[in-house]
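> Please find one structure pasted underneath; my questions will follow.
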Amino acid sequence: MMLALSLFPTTYSPPSSHELAAVAPTLLALVERAVSEPEALAAELSESPLAAIAPTFALPDVAPTDPAAAGDLPIVVTHGMGDSCFNPGMQSVVALAGKTLGVEAVCVPTGDNQASDTINGFLMNMDKSVEAFAKRVQSDKRLSGGFDAFGLSQGNNIIRGYIAAYNDPPVRNFLSICGINAGVAAFPHCAPSTPVLGSICEALTEVLGKLAYNPIVQDILFQANYFRDPTRRNSSEYLSHSRLALWNGERPGVDMSARKARWAKVERFVWVEGSRDSMVWPRQGEQWGDVPSGYPKQLSPVPYNETRWYTEDTFGLQTAGKAGKNFFESFDGDHIRFTSAELQGWLKKYFK
């Protein structure tokens, strides 16, 4: 099995410490701490206002798998920012999924241990995270025949990127729970109106202004990759350097045909929104809604089927919709604060 190149390979070398210091010294401090004190930094990241830590479910509450609801493919799970496949919450989510359908389930990390997996959720950009994920998936013989996949929070960016760039072995069904699919127009938990809490908020505050689409920042910070400033989304900086702009087919002159063909191989896409999500703004972006063109005077999000990426089918969303492959679910709660019963219901409904 051949490994594809990174989804959208960079055309420049990784930045040196000197280059990063000149652009974003606070971000450089995080990068240096990732080397000098990874465990301490990982702990700080997991406690930051941005952390999306999976709920912990009690397996004794899980009923035996109903043969009628049993799955036939393994399940791959990806975690949110600040979390790790090695944490008890994610392990319980994975165990719940596997037991619900009576199949093998695995959380695929981008790091070899809890510290590196947590740090990579911030300091390994989307393309590199997808590449790390693909290498692990393609080396796991249990997944060679294909798999169903679901992600929590920004973990969905990794699955989405894998589908577009690789999809070999193929994803059959993709369940996105509170995914940062259309990006975020703001990071409410690190908003200027609230106290800056922790080094990750300081780094985001430093770069998510005029530096957001600096190539050096885009090469490092996962969150900068999906930051979609509504006042700059038509700017040359966003279109030329944003990873999300490239993934969404917003950049002029990029041939998306191969990526769209891989996207079309998925049987079902399930877009789940937390109806009281306070982390993703606009939360409707979890189901591909967009900030209106009249922002900031207009704030009501544009429905997914009226967005440019749908009407122009820039990466395959409309094609999937016309084929009856897009499904929409919601739960009454904040970011990834779904219940075990809700997760089981989605799995039984779509992963079989």
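Lettering and numbering for the structure tokens are positional, with chains as A, B, ... in the shown order, residues counted from 1 in each chain, and ligands counted from 1 in the shown order.
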I want to know what sits within 8 Å of Val94 of chain A, based on only C-alpha atoms, with residues of the same chain fewer than 2 positions away left out; could you give that as a list in words?

Val77, Met90, Gln91, Ser92, Leu96, Ala97, Gly98, Ala105, Val106 and Cys107 of chain A

> Report as JSON lines: every residue of segment 126-149 of chain A with an atom at most 9 Å from segment 154-159 of chain A, its closest pair of atoms, and their distance in Å to one decimal, counting only C-alpha atoms, with rows sorted by chain and ascending residue number.


{"residue": "A:Met126", "atom": "CA", "partner": "A:Ile158", "partner_atom": "CA", "distance": 6.8}
{"residue": "A:Asp127", "atom": "CA", "partner": "A:Ile158", "partner_atom": "CA", "distance": 8.3}
{"residue": "A:Ser129", "atom": "CA", "partner": "A:Ile158", "partner_atom": "CA", "distance": 6.6}
{"residue": "A:Val130", "atom": "CA", "partner": "A:Ile158", "partner_atom": "CA", "distance": 5.2}
{"residue": "A:Glu131", "atom": "CA", "partner": "A:Ile158", "partner_atom": "CA", "distance": 8.9}
{"residue": "A:Phe133", "atom": "CA", "partner": "A:Ile158", "partner_atom": "CA", "distance": 7.4}
{"residue": "A:Ala149", "atom": "CA", "partner": "A:Ile159", "partner_atom": "CA", "distance": 7.4}

> So, with only C-alpha atoms as the atoms that count, which of A:Thr78, A:Thr100, A:Phe174, A:Asp112 lies closest to Tyr350 of chain A?

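Among the listed residues, the smallest separation from Tyr350 of chain A belongs to A:Phe174.
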
> List the neighbours of Glu286 of chain A out to 8 Å using only C-alpha atoms; skip same-chain residues closer than 6 positions along the sequence, and give me the result as a ChimeraX atom specification.

/A:177-182,271-273,280

> Could those residues be written to a file, using all heavy atoms, as an mmCIF file, in the first residue's frame?


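Once everything was written out, this is selection_29.cif:
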data_model
loop_
_atom_site.group_PDB
_atom_site.id
_atom_site.type_symbol
_atom_site.label_atom_id
_atom_site.label_comp_id
_atom_site.auth_asym_id
_atom_site.auth_seq_id
_atom_site.Cartn_x
_atom_site.Cartn_y
_atom_site.Cartn_z
ATOM 1 N N ILE A 177 -18.666 14.505 15.299
ATOM 2 C CA ILE A 177 -19.336 15.016 16.494
ATOM 3 C C ILE A 177 -18.679 16.339 16.896
ATOM 4 O O ILE A 177 -17.520 16.367 17.294
ATOM 5 C CB ILE A 177 -19.256 14.001 17.654
ATOM 6 C CG1 ILE A 177 -19.842 12.653 17.226
ATOM 7 C CG2 ILE A 177 -19.983 14.541 18.888
ATOM 8 C CD1 ILE A 177 -19.697 11.556 18.276
ATOM 9 N N CYS A 178 -19.432 17.417 16.749
ATOM 10 C CA CYS A 178 -18.926 18.763 17.051
ATOM 11 C C CYS A 178 -17.639 19.053 16.288
ATOM 12 O O CYS A 178 -16.688 19.625 16.830
ATOM 13 C CB CYS A 178 -18.720 18.954 18.551
ATOM 14 S SG CYS A 178 -20.233 18.829 19.531
ATOM 15 N N GLY A 179 -17.600 18.671 15.029
ATOM 16 C CA GLY A 179 -16.405 18.862 14.222
ATOM 17 C C GLY A 179 -16.165 20.317 13.866
ATOM 18 O O GLY A 179 -17.106 21.091 13.684
ATOM 19 N N ILE A 180 -14.889 20.681 13.739
ATOM 20 C CA ILE A 180 -14.525 22.044 13.355
ATOM 21 C C ILE A 180 -14.491 22.085 11.826
ATOM 22 O O ILE A 180 -13.486 22.425 11.207
ATOM 23 C CB ILE A 180 -13.165 22.446 13.952
ATOM 24 C CG1 ILE A 180 -12.995 21.912 15.378
ATOM 25 C CG2 ILE A 180 -13.005 23.962 13.921
ATOM 26 C CD1 ILE A 180 -13.968 22.493 16.379
ATOM 27 N N ASN A 181 -15.593 21.690 11.228
ATOM 28 C CA ASN A 181 -15.609 21.409 9.799
ATOM 29 C C ASN A 181 -15.461 22.659 8.944
ATOM 30 O O ASN A 181 -14.648 22.703 8.022
ATOM 31 C CB ASN A 181 -16.887 20.654 9.449
ATOM 32 C CG ASN A 181 -16.963 19.324 10.167
ATOM 33 O OD1 ASN A 181 -16.019 18.550 10.133
ATOM 34 N ND2 ASN A 181 -18.068 19.062 10.837
ATOM 35 N N ALA A 182 -16.255 23.673 9.225
ATOM 36 C CA ALA A 182 -16.167 24.925 8.468
ATOM 37 C C ALA A 182 -15.209 25.907 9.116
ATOM 38 O O ALA A 182 -15.161 27.074 8.743
ATOM 39 C CB ALA A 182 -17.555 25.542 8.334
ATOM 40 N N TRP A 271 -23.229 14.656 10.352
ATOM 41 C CA TRP A 271 -22.738 15.898 10.928
ATOM 42 C C TRP A 271 -23.540 16.214 12.182
ATOM 43 O O TRP A 271 -24.725 16.540 12.106
ATOM 44 C CB TRP A 271 -22.849 17.030 9.903
ATOM 45 C CG TRP A 271 -22.322 16.655 8.547
ATOM 46 C CD1 TRP A 271 -23.030 16.444 7.402
ATOM 47 C CD2 TRP A 271 -20.940 16.421 8.193
ATOM 48 N NE1 TRP A 271 -22.201 16.107 6.352
ATOM 49 C CE2 TRP A 271 -20.912 16.085 6.811
ATOM 50 C CE3 TRP A 271 -19.741 16.469 8.903
ATOM 51 C CZ2 TRP A 271 -19.728 15.804 6.130
ATOM 52 C CZ3 TRP A 271 -18.565 16.188 8.222
ATOM 53 C CH2 TRP A 271 -18.563 15.867 6.865
ATOM 54 N N VAL A 272 -22.893 16.098 13.339
ATOM 55 C CA VAL A 272 -23.568 16.259 14.630
ATOM 56 C C VAL A 272 -23.207 17.604 15.246
ATOM 57 O O VAL A 272 -22.023 17.930 15.403
ATOM 58 C CB VAL A 272 -23.193 15.127 15.604
ATOM 59 C CG1 VAL A 272 -23.919 15.308 16.936
ATOM 60 C CG2 VAL A 272 -23.525 13.762 14.998
ATOM 61 N N GLU A 273 -24.208 18.355 15.633
ATOM 62 C CA GLU A 273 -24.016 19.676 16.231
ATOM 63 C C GLU A 273 -24.473 19.681 17.688
ATOM 64 O O GLU A 273 -25.529 19.117 18.018
ATOM 65 C CB GLU A 273 -24.823 20.723 15.464
ATOM 66 C CG GLU A 273 -24.786 22.115 16.056
ATOM 67 C CD GLU A 273 -25.756 23.068 15.383
ATOM 68 O OE1 GLU A 273 -25.962 22.944 14.162
ATOM 69 O OE2 GLU A 273 -26.321 23.943 16.075
ATOM 70 N N VAL A 280 -17.245 26.368 19.611
ATOM 71 C CA VAL A 280 -17.166 26.576 18.167
ATOM 72 C C VAL A 280 -18.106 27.711 17.778
ATOM 73 O O VAL A 280 -19.302 27.657 18.068
ATOM 74 C CB VAL A 280 -17.552 25.295 17.401
ATOM 75 C CG1 VAL A 280 -17.551 25.551 15.900
ATOM 76 C CG2 VAL A 280 -16.607 24.160 17.743
#

> With only C-alpha atoms as the atoms that count, which of A:Val270, A:Ala245, A:Ala224, A:Leu41 lies nearest to Gly209 of chain A?

A:Ala224

> What are the DSSP strand (DSSP E) residues of segment 40-203 of chain A, as a VMD selection string?

chain A and resid 75 to 78 105 to 107 147 to 152 171 to 177

> Based on the selection just made, write C-alpha atoms of those residues as a CSV table (one decimal), in the first residue's frame.


chain,number,residue,atom,x,y,z
A,75,ILE,CA,-14.2,1.6,14.3
A,76,VAL,CA,-11.5,4.3,14.3
A,77,VAL,CA,-11.8,7.2,16.7
A,78,THR,CA,-9.9,10.5,16.9
A,105,ALA,CA,-12.6,-0.1,18.0
A,106,VAL,CA,-9.3,1.8,18.3
A,107,CYS,CA,-8.3,5.4,19.0
A,147,PHE,CA,-13.4,1.0,8.7
A,148,ASP,CA,-16.1,3.4,10.1
A,149,ALA,CA,-14.8,6.5,11.8
A,150,PHE,CA,-15.9,9.2,14.2
A,151,GLY,CA,-14.1,12.1,15.7
A,152,LEU,CA,-14.6,14.5,18.6
A,171,VAL,CA,-13.7,5.1,5.4
A,172,ARG,CA,-17.1,3.6,4.9
A,173,ASN,CA,-19.1,5.9,7.2
A,174,PHE,CA,-17.9,9.1,8.9
A,175,LEU,CA,-19.6,10.5,12.0
A,176,SER,CA,-18.4,14.0,12.9
A,177,ILE,CA,-19.3,15.0,16.5

> Would you return as JSON, numbers by chain the members of segment 28-270 of chain A that DSSP assigns to alpha helix (DSSP H) on this structure's backbone?

{"A": [28, 29, 30, 31, 32, 33, 34, 35, 36, 38, 39, 40, 41, 42, 43, 44, 45, 46, 88, 89, 90, 91, 92, 93, 94, 95, 96, 97, 98, 99, 100, 101, 114, 115, 116, 117, 118, 119, 120, 121, 122, 123, 126, 127, 128, 129, 130, 131, 132, 133, 134, 135, 136, 137, 138, 155, 156, 157, 158, 159, 160, 161, 162, 163, 164, 165, 198, 199, 200, 201, 202, 203, 204, 205, 206, 207, 215, 216, 217, 218, 222, 223, 224, 225, 236, 237, 238, 239, 240, 241, 243, 244, 245, 246, 247, 257, 258, 259, 260, 261, 262, 263]}

> Would you pick out the contacts of segment 216-221 of chain A at 9 Å or less, using only C-alpha atoms, so that residues sharing its chain but fewer than 3 positions from it are not included, and give the list as a ChimeraX atom specification?

/A:10,14-15,19-20,23-24,27,31,121-128,204,207,211-213,224-225,241-243

> Put those residues in a file: N, CA and C atoms, as a short mmCIF file (atom, residue, chain, number, x, y, z; two decimals), in the first residue's frame.


data_model
loop_
_atom_site.label_atom_id
_atom_site.label_comp_id
_atom_site.auth_asym_id
_atom_site.auth_seq_id
_atom_site.Cartn_x
_atom_site.Cartn_y
_atom_site.Cartn_z
N THR A 10 3.71 21.54 2.02
CA THR A 10 4.25 22.89 2.08
C THR A 10 5.33 23.05 1.03
N PRO A 14 10.57 23.88 7.24
CA PRO A 14 10.07 24.25 8.56
C PRO A 14 10.83 25.45 9.10
N PRO A 15 10.16 26.33 9.82
CA PRO A 15 10.81 27.54 10.30
C PRO A 15 11.88 27.25 11.33
N GLU A 19 13.52 32.38 12.93
CA GLU A 19 12.38 32.86 12.15
C GLU A 19 11.13 32.95 13.00
N LEU A 20 10.88 31.92 13.81
CA LEU A 20 9.69 31.90 14.63
C LEU A 20 9.76 32.97 15.71
N VAL A 23 8.63 36.23 14.45
CA VAL A 23 7.22 36.33 14.09
C VAL A 23 6.31 36.16 15.30
N ALA A 24 6.55 35.11 16.08
CA ALA A 24 5.63 34.75 17.17
C ALA A 24 6.42 34.20 18.35
N LEU A 27 4.55 31.70 20.69
CA LEU A 27 4.42 30.39 20.06
C LEU A 27 5.74 29.64 20.11
N VAL A 31 6.75 25.82 21.56
CA VAL A 31 7.51 24.83 20.80
C VAL A 31 8.73 24.37 21.59
N GLY A 121 -1.76 17.88 19.12
CA GLY A 121 -3.06 18.47 18.83
C GLY A 121 -3.01 19.98 18.74
N PHE A 122 -1.88 20.56 19.11
CA PHE A 122 -1.68 22.00 19.00
C PHE A 122 -0.53 22.33 18.05
N LEU A 123 0.61 21.65 18.22
CA LEU A 123 1.83 22.06 17.53
C LEU A 123 2.20 21.20 16.33
N MET A 124 1.30 20.33 15.89
CA MET A 124 1.46 19.60 14.63
C MET A 124 0.29 20.02 13.74
N ASN A 125 0.58 20.69 12.65
CA ASN A 125 -0.51 21.27 11.87
C ASN A 125 -1.38 20.19 11.22
N MET A 126 -2.46 20.60 10.57
CA MET A 126 -3.46 19.65 10.09
C MET A 126 -2.87 18.67 9.08
N ASP A 127 -2.11 19.16 8.12
CA ASP A 127 -1.54 18.27 7.11
C ASP A 127 -0.63 17.21 7.73
N LYS A 128 0.24 17.65 8.63
CA LYS A 128 1.16 16.71 9.26
C LYS A 128 0.42 15.73 10.18
N LEU A 204 -2.45 31.89 21.04
CA LEU A 204 -3.50 32.16 20.08
C LEU A 204 -3.77 33.66 19.97
N VAL A 207 -1.11 35.18 17.69
CA VAL A 207 -1.06 34.89 16.25
C VAL A 207 -2.38 35.05 15.52
N LEU A 211 -1.19 37.85 12.08
CA LEU A 211 -0.26 36.74 11.84
C LEU A 211 -0.94 35.42 11.53
N ALA A 212 -2.27 35.37 11.59
CA ALA A 212 -2.99 34.09 11.47
C ALA A 212 -2.62 33.32 10.22
N TYR A 213 -2.44 34.02 9.11
CA TYR A 213 -2.18 33.34 7.84
C TYR A 213 -0.72 33.48 7.40
N ALA A 224 -4.55 27.49 14.14
CA ALA A 224 -4.45 28.54 13.13
C ALA A 224 -4.91 28.02 11.77
N ASN A 225 -4.72 26.72 11.53
CA ASN A 225 -5.12 26.14 10.25
C ASN A 225 -6.61 26.25 9.99
N HIS A 241 -2.56 31.12 2.01
CA HIS A 241 -1.80 30.43 3.05
C HIS A 241 -2.63 29.56 4.00
N SER A 242 -3.93 29.81 4.12
CA SER A 242 -4.74 29.04 5.06
C SER A 242 -4.89 27.60 4.61
N ARG A 243 -4.61 26.66 5.54
CA ARG A 243 -4.83 25.25 5.22
C ARG A 243 -6.32 25.00 4.95
#

> What lies within 8 Å of segment 261-268 of chain A using only C-alpha atoms, ignoring chain neighbours under 5 positions off, as an NGL selection string?

:A and (163-167 or 170-174 or 315-316 or 319-320 or 325-327 or 350)

> Which residue, A:Gly321, A:Gly183, A:Pro55, A:Pro292, has the smallest gap to Thr307 of chain A when you use only C-alpha atoms?

A:Pro292
